[in-house]
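Student: Have a peek at structure.txt (compact mmCIF, C-alpha atoms and all ligand atoms).
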```txt
# COMPACT_ATOMS: atom_id res chain seq x y z
CA MET A 27 156.43 93.15 89.19
CA ASP A 28 156.97 89.81 87.53
CA VAL A 29 154.65 87.04 88.83
CA LEU A 30 157.59 84.92 89.90
CA GLU A 31 159.19 87.86 91.75
CA ALA A 32 155.93 88.37 93.62
CA ALA A 33 155.73 84.68 94.49
CA PHE A 34 159.36 84.81 95.64
CA ALA A 35 158.61 87.76 97.94
CA GLU A 36 155.73 85.82 99.44
CA ALA A 37 157.66 82.56 99.81
CA TYR A 38 160.84 84.05 101.28
CA ARG A 39 159.65 87.35 102.80
CA ARG A 40 162.25 89.36 100.90
CA ASP A 41 162.93 90.53 97.34
CA ALA A 42 164.50 88.49 94.58
CA GLU A 43 167.65 89.87 92.98
CA GLY A 44 166.68 88.64 89.53
CA VAL A 45 164.72 86.18 87.42
CA TRP A 46 166.31 83.77 84.95
CA HIS A 47 164.88 81.37 82.39
CA ALA A 48 166.28 78.17 80.90
CA PRO A 49 164.40 76.55 78.02
CA GLY A 50 163.42 72.98 77.32
CA ARG A 51 164.46 71.60 73.95
CA VAL A 52 163.25 69.72 70.96
CA ASN A 53 165.80 67.61 69.19
CA LEU A 54 165.29 68.09 65.46
CA ILE A 55 167.41 65.01 64.75
CA GLY A 56 170.28 63.02 66.26
CA GLU A 57 168.63 60.80 68.85
CA HIS A 58 170.71 58.57 71.14
CA THR A 59 173.85 59.76 69.41
CA ASP A 60 175.14 62.07 72.18
CA TYR A 61 176.51 59.35 74.49
CA ASN A 62 178.00 57.65 71.43
CA ASP A 63 180.21 60.72 70.90
CA GLY A 64 178.09 61.62 67.87
CA LEU A 65 176.20 64.59 66.44
CA VAL A 66 172.92 66.18 67.57
CA LEU A 67 170.81 69.04 66.23
CA PRO A 68 168.46 70.34 68.96
CA PHE A 69 166.79 73.72 69.31
CA ALA A 70 165.43 75.55 72.36
CA LEU A 71 161.70 75.93 72.98
CA PRO A 72 160.02 79.12 74.21
CA ARG A 73 158.91 77.11 77.24
CA GLY A 74 161.15 76.20 80.13
CA VAL A 75 161.95 76.76 83.79
CA GLY A 76 161.99 80.21 85.38
CA VAL A 77 163.76 80.91 88.65
CA ALA A 78 163.66 83.93 90.93
CA ALA A 79 166.70 84.04 93.16
CA ALA A 80 168.61 86.02 95.76
CA ARG A 81 171.90 85.40 97.55
CA ARG A 82 172.17 84.42 101.22
CA ASP A 83 175.31 85.26 103.14
CA ASP A 84 175.13 82.27 105.51
CA GLY A 85 175.91 79.56 102.95
CA VAL A 86 172.40 78.12 103.11
CA LEU A 87 170.63 76.99 99.95
CA GLU A 88 166.83 77.14 99.92
CA LEU A 89 164.91 75.51 97.06
CA LYS A 90 161.17 75.80 96.44
CA SER A 91 159.02 75.17 93.40
CA LEU A 92 155.55 76.40 92.48
CA GLN A 93 154.93 72.98 90.92
CA ALA A 94 156.02 70.87 93.89
CA ALA A 95 153.58 69.75 96.54
CA ASP A 96 156.43 69.62 99.10
CA GLN A 97 157.85 72.52 101.13
CA GLY A 98 161.14 72.38 99.27
CA VAL A 99 164.57 71.86 100.75
CA THR A 100 166.91 73.88 102.96
CA VAL A 101 170.56 72.77 103.15
CA ASP A 102 173.82 74.21 104.36
CA LEU A 103 176.20 74.17 101.40
CA GLY A 104 179.10 74.45 103.85
CA GLN A 105 178.53 70.85 104.94
CA SER A 106 179.07 69.01 101.70
CA ARG A 107 176.54 66.19 101.51
CA GLY A 108 177.19 64.77 98.08
CA PRO A 109 174.87 62.72 95.84
CA GLY A 110 172.08 60.64 97.31
CA THR A 111 171.14 62.89 100.22
CA ILE A 112 168.18 64.53 98.45
CA ARG A 113 165.78 62.27 96.57
CA THR A 114 163.15 64.70 95.32
CA TRP A 115 163.04 67.15 92.39
CA ALA A 116 165.42 69.32 94.47
CA ALA A 117 168.29 66.86 93.85
CA TYR A 118 168.86 68.52 90.44
CA PRO A 119 169.35 72.13 91.59
CA PHE A 120 171.11 70.97 94.76
CA GLY A 121 173.60 68.98 92.66
CA VAL A 122 174.28 72.01 90.47
CA ALA A 123 174.84 74.25 93.52
CA GLU A 124 177.20 71.75 95.17
CA LEU A 125 179.21 71.29 91.99
CA LEU A 126 179.41 75.08 91.54
CA ARG A 127 180.72 75.68 95.07
CA PRO A 128 184.41 75.33 94.16
CA LEU A 129 183.90 78.19 91.66
CA GLY A 130 182.85 80.53 94.47
CA ILE A 131 179.09 80.05 94.64
CA GLY A 132 177.57 80.53 98.10
CA GLY A 133 174.10 80.31 99.62
CA ALA A 134 170.91 81.45 97.90
CA SER A 135 167.14 81.23 97.95
CA LEU A 136 165.55 79.99 94.73
CA LEU A 137 161.94 79.71 93.64
CA PHE A 138 161.22 77.76 90.45
CA ASP A 139 158.29 77.85 88.07
CA SER A 140 157.95 75.66 84.99
CA ASP A 141 155.64 75.57 81.99
CA LEU A 142 157.22 72.40 80.62
CA PRO A 143 155.35 69.16 81.11
CA GLN A 144 157.48 66.60 82.96
CA GLY A 145 158.22 63.33 81.23
CA ALA A 146 157.21 64.76 77.85
CA GLY A 147 160.70 64.32 76.43
CA LEU A 148 161.33 68.08 76.37
CA SER A 149 164.16 68.16 78.94
CA SER A 150 162.42 69.63 81.94
CA SER A 151 165.27 68.37 84.17
CA ALA A 152 167.98 69.97 82.05
CA ALA A 153 166.01 73.24 82.13
CA LEU A 154 165.83 73.01 85.93
CA GLU A 155 169.59 72.42 86.17
CA CYS A 156 170.48 75.14 83.70
CA ALA A 157 168.16 77.73 85.27
CA THR A 158 169.88 77.05 88.59
CA ALA A 159 173.33 77.27 87.02
CA VAL A 160 172.84 80.59 85.22
CA ALA A 161 171.09 82.18 88.22
CA LEU A 162 173.77 81.17 90.75
CA CYS A 163 176.64 82.08 88.43
CA GLU A 164 175.29 85.53 87.75
CA LEU A 165 174.36 86.18 91.37
CA TYR A 166 177.94 85.41 92.39
CA GLY A 167 179.63 87.06 89.42
CA VAL A 168 181.12 83.79 88.18
CA GLU A 169 181.32 83.34 84.40
CA PRO A 170 182.25 79.81 83.42
CA ASP A 171 182.24 78.95 79.75
CA ARG A 172 178.75 77.73 78.86
CA ARG A 173 180.08 74.43 77.56
CA GLU A 174 181.72 73.86 80.93
CA LEU A 175 178.44 74.78 82.61
CA ALA A 176 176.59 72.23 80.44
CA ARG A 177 179.04 69.51 81.54
CA LEU A 178 178.54 70.51 85.15
CA ALA A 179 174.73 70.38 84.81
CA GLN A 180 175.02 66.97 83.13
CA ARG A 181 177.16 65.77 86.06
CA ALA A 182 174.50 66.96 88.47
CA GLU A 183 171.94 64.84 86.63
CA ASN A 184 174.27 61.80 86.35
CA GLU A 185 175.52 61.90 89.93
CA TYR A 186 172.81 63.58 91.99
CA ALA A 187 169.71 62.29 90.17
CA GLY A 188 171.26 58.99 89.06
CA VAL A 189 170.23 59.48 85.42
CA PRO A 190 172.94 58.42 82.93
CA CYS A 191 172.00 61.08 80.33
CA GLY A 192 174.35 62.48 77.68
CA ILE A 193 175.31 66.12 77.09
CA MET A 194 172.66 67.15 74.54
CA ASP A 195 169.88 68.57 76.70
CA GLN A 196 172.04 70.79 78.91
CA SER A 197 173.99 72.04 75.87
CA ALA A 198 170.74 72.87 74.09
CA SER A 199 169.35 74.76 77.08
CA LEU A 200 172.53 76.81 77.50
CA LEU A 201 173.84 77.28 73.95
CA CYS A 202 170.84 77.56 71.62
CA THR A 203 169.92 80.85 69.97
CA GLU A 204 166.66 82.14 68.54
CA GLY A 205 165.86 81.02 64.99
CA HIS A 206 168.58 78.37 64.97
CA ALA A 207 169.25 74.74 65.73
CA LEU A 208 172.50 73.84 67.46
CA LEU A 209 174.75 71.43 65.57
CA LEU A 210 176.81 69.90 68.35
CA ASP A 211 179.64 67.44 68.09
CA CYS A 212 179.32 65.61 71.40
CA ARG A 213 182.91 64.35 71.28
CA THR A 214 184.74 67.63 70.72
CA GLY A 215 182.10 69.92 72.24
CA LEU A 216 182.36 72.08 69.12
CA SER A 217 179.08 73.55 67.98
CA SER A 218 177.62 75.84 65.36
CA GLN A 219 174.31 77.64 64.96
CA VAL A 220 172.36 76.43 61.94
CA PRO A 221 169.50 78.68 60.73
CA LEU A 222 166.09 77.00 61.07
CA ASP A 223 163.65 79.26 59.28
CA LEU A 224 160.35 77.44 59.12
CA PRO A 225 157.84 80.32 58.75
CA GLY A 226 159.97 81.76 55.94
CA LYS A 227 159.43 78.51 54.04
CA ASP A 228 155.74 78.27 54.90
CA LEU A 229 156.39 75.32 57.17
CA THR A 230 155.22 74.50 60.68
CA LEU A 231 156.81 72.09 63.10
CA LEU A 232 154.06 70.74 65.34
CA LEU A 233 155.06 69.43 68.73
CA ILE A 234 152.68 66.75 69.91
CA ASP A 235 152.55 65.62 73.51
CA THR A 236 151.47 62.00 73.10
CA ARG A 237 150.50 61.92 76.81
CA ALA A 238 152.47 58.70 77.34
CA ARG A 239 155.12 59.16 80.04
CA HIS A 240 158.43 57.53 80.74
CA ALA A 241 161.32 58.49 83.01
CA LEU A 242 164.96 58.24 81.93
CA GLY A 243 165.83 56.70 85.28
CA ASP A 244 163.61 53.67 84.55
CA GLY A 245 166.44 51.53 83.24
CA ASP A 246 165.59 51.25 79.53
CA TYR A 247 167.70 54.30 78.72
CA GLY A 248 170.67 52.96 80.68
CA ARG A 249 170.29 49.56 78.98
CA ARG A 250 170.50 51.13 75.52
CA ARG A 251 173.58 53.04 76.58
CA ALA A 252 175.21 49.89 77.92
CA GLU A 253 174.42 48.01 74.68
CA CYS A 254 176.15 50.71 72.66
CA GLU A 255 179.19 50.58 74.91
CA ARG A 256 179.33 46.79 74.60
CA ALA A 257 179.09 47.02 70.81
CA ALA A 258 181.88 49.63 70.68
CA THR A 259 184.11 47.41 72.83
CA LEU A 260 183.43 44.36 70.62
CA LEU A 261 184.23 46.42 67.54
CA GLY A 262 187.39 47.81 69.10
CA VAL A 263 186.42 51.49 68.73
CA PRO A 264 186.27 54.16 71.46
CA ALA A 265 182.61 54.91 70.61
CA LEU A 266 180.07 54.01 67.92
CA ARG A 267 180.80 57.40 66.39
CA ASP A 268 184.03 55.83 65.14
CA VAL A 269 182.39 53.10 63.05
CA GLN A 270 183.38 53.97 59.47
CA ASP A 271 182.23 50.92 57.55
CA LEU A 272 178.76 49.96 58.75
CA GLY A 273 178.52 46.77 56.70
CA ALA A 274 181.84 45.46 58.00
CA ALA A 275 180.91 46.36 61.59
CA LEU A 276 177.55 44.57 61.34
CA SER A 277 179.16 41.43 59.96
CA ARG A 278 181.49 41.33 62.97
CA LEU A 279 178.68 41.32 65.54
CA ASP A 280 176.87 38.07 66.33
CA ASP A 281 174.19 39.55 68.56
CA PRO A 282 171.24 40.79 66.43
CA VAL A 283 170.25 43.28 69.14
CA LEU A 284 173.67 44.91 69.09
CA ARG A 285 173.61 44.94 65.28
CA ARG A 286 170.34 46.88 65.37
CA ARG A 287 171.69 49.41 67.89
CA VAL A 288 174.83 50.03 65.82
CA GLN A 289 172.77 50.38 62.66
CA HIS A 290 170.68 53.10 64.28
CA VAL A 291 173.54 55.11 65.76
CA VAL A 292 175.68 55.10 62.63
CA THR A 293 172.84 55.97 60.24
CA GLU A 294 171.46 58.59 62.65
CA ASN A 295 174.79 60.41 62.65
CA HIS A 296 174.64 60.53 58.85
CA ARG A 297 171.09 61.87 59.03
CA VAL A 298 172.21 64.70 61.30
CA GLU A 299 174.89 65.70 58.81
CA ALA A 300 172.41 65.51 55.94
CA THR A 301 169.84 67.57 57.88
CA ALA A 302 172.40 70.27 58.75
CA GLY A 303 173.36 70.35 55.07
CA LEU A 304 169.76 70.90 54.00
CA LEU A 305 169.25 73.65 56.57
CA ARG A 306 172.42 75.43 55.49
CA ALA A 307 171.18 75.28 51.91
CA GLY A 308 167.83 76.76 52.97
CA ALA A 309 166.10 73.53 51.89
CA GLU A 310 163.84 73.11 54.94
CA GLN A 311 161.10 71.73 52.66
CA GLU A 312 163.17 68.61 52.14
CA LEU A 313 163.65 67.68 55.80
CA GLY A 314 160.59 65.45 56.10
CA GLY A 315 162.14 62.25 54.72
CA LEU A 316 165.11 62.42 57.10
CA LEU A 317 162.84 62.99 60.10
CA THR A 318 160.67 60.00 59.23
CA ALA A 319 163.72 57.82 58.53
CA SER A 320 165.01 58.72 62.00
CA HIS A 321 161.70 57.69 63.55
CA LEU A 322 161.63 54.36 61.73
CA SER A 323 165.18 53.66 62.84
CA LEU A 324 164.30 54.51 66.46
CA ARG A 325 161.22 52.27 66.20
CA ASP A 326 162.75 49.28 64.43
CA GLN A 327 166.48 49.33 65.22
CA TYR A 328 166.70 51.11 68.55
CA GLU A 329 163.26 49.85 69.67
CA ILE A 330 162.33 52.81 71.83
CA SER A 331 159.22 54.19 70.14
CA TRP A 332 155.80 53.73 71.75
CA PRO A 333 152.33 53.07 70.31
CA GLU A 334 150.97 56.62 70.67
CA ALA A 335 154.03 58.06 68.88
CA ASP A 336 153.66 55.65 65.97
CA LEU A 337 149.92 56.34 65.82
CA ALA A 338 150.37 60.15 65.82
CA LEU A 339 153.02 60.03 63.12
CA GLU A 340 151.07 57.64 60.88
CA ALA A 341 147.95 59.82 61.16
CA ALA A 342 150.01 62.95 60.39
CA LEU A 343 151.63 61.40 57.31
CA ARG A 344 148.26 60.20 56.02
CA ALA A 345 146.96 63.75 56.41
CA GLY A 346 149.77 65.09 54.23
CA ALA A 347 152.53 65.99 56.71
CA ARG A 348 156.03 65.95 55.23
CA GLY A 349 157.61 63.87 57.97
CA GLY A 350 158.14 63.55 61.67
CA ARG A 351 159.67 61.63 64.51
CA MET A 352 159.63 60.86 68.21
CA VAL A 353 161.94 63.08 70.26
CA GLY A 354 163.99 62.47 73.40
CA GLY A 355 164.86 59.34 75.32
CA GLY A 356 161.90 57.26 74.09
CA PHE A 357 159.12 55.06 75.54
CA GLY A 358 156.92 58.12 76.04
CA GLY A 359 156.90 61.88 75.54
CA SER A 360 156.58 63.92 72.38
CA VAL A 361 156.60 63.71 68.60
CA ILE A 362 157.46 66.43 66.07
CA VAL A 363 155.71 66.66 62.73
CA LEU A 364 156.79 68.89 59.85
CA THR A 365 153.96 70.15 57.70
CA ALA A 366 153.15 72.88 55.22
CA THR A 367 151.61 75.63 57.36
CA GLY A 368 148.40 75.47 55.32
CA ARG A 369 147.95 71.81 56.26
CA ALA A 370 148.80 72.15 59.96
CA GLY A 371 145.12 72.30 61.00
CA ALA A 372 144.21 69.18 59.00
CA VAL A 373 147.23 67.30 60.40
CA ARG A 374 146.24 68.23 63.95
CA ASP A 375 142.67 67.12 63.37
CA ALA A 376 143.81 63.82 61.89
CA ILE A 377 145.99 63.06 64.92
CA THR A 378 143.20 63.99 67.35
CA ALA A 379 140.74 61.80 65.39
CA ALA A 380 143.14 58.84 65.45
CA TYR A 381 143.50 59.22 69.20
CA ARG A 382 139.72 59.40 69.67
CA GLU A 383 139.20 56.30 67.59
CA ARG A 384 141.45 54.39 69.96
CA GLY A 385 139.85 55.92 73.04
CA LEU A 386 143.09 57.65 74.08
CA ALA A 387 143.34 60.87 76.12
CA GLU A 388 143.57 63.96 73.85
CA PRO A 389 147.12 64.71 72.69
CA GLY A 390 148.58 68.19 73.31
CA PHE A 391 149.73 70.48 70.49
CA LEU A 392 152.24 73.31 70.42
CA GLU A 393 154.10 74.98 67.62
CA ALA A 394 157.83 74.33 68.09
CA ILE A 395 159.57 77.67 67.57
CA PRO A 396 163.39 77.80 67.78
CA SER A 397 164.03 80.14 70.72
CA ALA A 398 166.78 81.61 72.89
CA GLY A 399 168.96 79.70 75.37
CA ALA A 400 169.18 80.29 79.12
CA ARG A 401 169.28 83.95 80.13
CA ARG A 402 168.29 86.57 82.67
CA ILE A 403 164.78 87.81 82.01
CA SER A 404 164.28 90.58 84.55
CA MET A 405 165.96 93.19 86.71
CA ASP A 406 169.08 93.50 84.56
CA GLY A 407 172.32 94.86 85.90
CA GLY A 408 173.61 95.83 89.29
CA LEU A 409 175.06 92.41 90.20
CA PRO A 410 177.07 91.30 91.99
CA GLY A 411 176.83 94.02 94.64
C1 LIG A 501 167.60 62.12 76.73
C2 LIG A 501 169.00 62.35 77.31
C3 LIG A 501 169.94 62.91 76.23
C4 LIG A 501 169.88 62.08 74.95
C5 LIG A 501 168.43 61.79 74.53
C6 LIG A 501 168.35 60.83 73.39
O1 LIG A 501 167.00 63.33 76.40
O2 LIG A 501 168.95 63.25 78.38
O3 LIG A 501 171.24 63.00 76.73
O4 LIG A 501 170.61 60.89 75.11
O5 LIG A 501 167.67 61.27 75.60
O6 LIG A 501 168.86 61.40 72.24
```
What would the structure in this file look like if it were written as C-alpha cells?
Ligand code: GLA

Tutor:
Amino acid sequence: MDVLEAAFAEAYRRDAEGVWHAPGRVNLIGEHTDYNDGLVLPFALPRGVGVAAARRDDGVLELKSLQAADQGVTVDLGQSRGPGTIRTWAAYPFGVAELLRPLGIGGASLLFDSDLPQGAGLSSSAALECATAVALCELYGVEPDRRELARLAQRAENEYAGVPCGIMDQSASLLCTEGHALLLDCRTGLSSQVPLDLPGKDLTLLLIDTRARHALGDGDYGRRRAECERAATLLGVPALRDVQDLGAALSRLDDPVLRRRVQHVVTENHRVEATAGLLRAGAEQELGGLLTASHLSLRDQYEISWPEADLALEAALRAGARGGRMVGGGFGGSVIVLTATGRAGAVRDAITAAYRERGLAEPGFLEAIPSAGARRISMDGGLPG
C-alpha cells in the first residue's frame, strides 16, 4: 500500500479511493508576463503535492495535511461559506471544492502530502489547488477541460487565499507533459508542448533553493501588477502585451518606475519567443544568454531579485555555467542555472562556497527535470462507482 493511502486509513479510519499528484513548476522563462496577457514557458517538476481522497455522501469536506501542525478543517459544502471563512493552508483546497460544487462535486475526505518547499517559488500553492481539483473531479466523474480547471484553481487562489496571481502556475501543474516545457499564451489560453531535452544535449538545469523566503500575499507582487495595469492604461492598451513599439511607449511615460516595468514585460515576452524558437530548433546549448538577460531585467527593471539569487547566479557564471535566472514571483525562492553536465559539480561547489563566504545557510540543490502534469498515481479505474 502506498504510504499516503496508509496515512489516509489512519487519519480517517477508512480506505482512500485513490491517490493523485500535482507537480510544482519551474518557469524556464517568461516571468511576470502572465498577468500582462503575455507568454510563459514553464515546465513541471517531479516534486509536488500528493493527495489521497475518498468521497463522502453527506456533503462534508474534510481536509488534513501531513505537513500541517493543525488538525485540518471540516466543513459542510452544502452551506456555502465563500472566501474569507478559512484562513489557513486549507483555504486553497476549500476554495477549489466550493468553486467545483456547481459542476456536481460533493463531500470528500482528503489527506495531503507535499515534497515541495513552501515559499521557494516552485508553486506549492498551485500544486495544492490542482491536486484537489483533479482528485475531486475524478472522484465525482466530472471532466472539465484542464484549461477551465486551471482558471478555477487560479480563482480559488485569488478569491479564497487573497493572492492576485496570474494563470501560469495552475496551467503548468495541469497541462505540462514529461520532457517538455509548456508555451502558453496567457491571453488566448492557447498552448503548445515544446521539447526540452537537456540530457540529450549534455546539459543540466540546476534548481537552487536560495533559502530566502517571500510570500506572494506580501504586497510587493500586487504592487508590481498594479504598476503594469497603470502603465497599460496610460499607454491606452488593454495590457502590456499589446505594446508594439517599446521606444515610443517609453517616451510616452513620465514615471521612470513605470518605464522600467514596461521595459521588462515587453522584452521578456520577446525572450520567451526566442527561447521557444531555440528549443524547437534543438539549440538548448544557446539558451544561457536569454536566461541571464531575463534575470538582469528582473533585477534592474522589475526590481524583484534578492541578494542570495544574485550571489548564486554570479558564482555559477564565474564557475562556467551558461546562464541562469531567478524563478517565480521574486524577493525570495529559487534560481535556475544551465550548465554543461560535466561542470554541474563545479558550479554547485562554487555556489556553496560563495554562500559560506557570506555566512549564509547552505543553499539546496535539485536537478530540474521536465516532468508530467497532474494525474492519478494509484488505484486506477473503477470510479465513479
Ligand atoms: C507567481 C504567480 C504567477 C506569475 C509568477 C511570476 O508564481 O503565481 O502567476 O505571475 O509569480 O511570473

Student: Find, counting all atoms listed in the file, the residue in A:Ser320, A:Gln311, A:Thr259, A:Asn184 that gets nearest to A:His296.

Tutor: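 Closest to A:His296, using all atoms listed in the file: A:Ser320.
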
Student: Name the closest residue to ligand LIG 501 (chain A) among the candidates A:Arg237, A:His47, A:Arg127, A:Arg250; distances are taken between atoms, counting only C-alpha atoms and all ligand atoms.

Tutor: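 Closest to ligand LIG 501 (chain A) of all the choices is A:Arg250.
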
Student: Let me make sure I understand: among A:Gly108, A:Gly356, A:Gly350, A:Gly215, which one has the smallest atom-to-atom distance to ligand LIG 501 (chain A) if we use all atoms listed in the file?

Tutor: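 Looking only at the distances to ligand LIG 501 (chain A), the closest residue turns out to be A:Gly356.
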
Student: All residues within 8 Å of ligand LIG 501 (chain A) are required, counting all atoms listed in the file; please report them as a ChimeraX atom specification.

Tutor: /A:53,56-61,66,147-149,152,190-195,242,247,353-356

Student: Atom CA of A:Ser151 and atom CA of A:Asn295, how far apart in Å?

Tutor: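 So the two atoms, atom CA of A:Asn295 and atom CA of A:Ser151, lie 24.8 Å apart.
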
Student: Using Å and a single decimal, report how far atom CA of A:Leu54 sits from atom CA of A:Pro143.

Tutor: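 Taking atom CA of A:Pro143 and atom CA of A:Leu54, their separation equals 18.6 Å.
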
Student: Report the distance between atom CA of A:Ala380 and atom CA of A:Ala70 in Å, rounded to one decimal place.

Tutor: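 Atom-to-atom, atom CA of A:Ala380 and atom CA of A:Ala70 are spaced 28.7 Å apart.
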
Student: Need the shell around A:Val373: protein/DNA/RNA residues with any atom at most 12 Å away, counting all atoms listed in the file. Skip same-chain ones fewer than 4 positions apart. Format as a VMD selection string?

Tutor: chain A and resid 230 to 234 338 to 350 362 to 369 377 to 380 391

Student: Taking the point (174.3, 67.5, 93.0) as given in the file, collect each protein or nucleic acid residue that comes within 10 Å of it, counting only C-alpha atoms, and present the set as a list in words.

Tutor: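 The requested residues, written out, are Arg107, Gly108, Pro109, Gly110, Thr111, Ile112, Ala116, Ala117, Tyr118, Pro119, Phe120, Gly121, Val122, Ala123, Glu124, Leu125, Leu126, Glu155, Leu178, Ala179, Gln180, Arg181, Ala182, Glu183, Asn184, Glu185, Tyr186, Ala187 and Gly188 of chain A.
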
Student: Smallest atom-to-atom distance to A:Gly205: which of A:Asp223, A:Glu255, A:Asp96, A:Glu312, using only C-alpha atoms?

Tutor: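 The closest residue to A:Gly205 is A:Asp223.
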
Student: Could you give me, as a list in words, the residues within 7 Å of A:Val75, counting all atoms listed in the file and dropping anything in the same chain fewer than 5 positions from it?

Tutor: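 The residues satisfying every condition are His47, Ala48, Pro49, Phe138, Asp139, Ser140, Asp141, Ala153, Leu154 and Ala157 of chain A.
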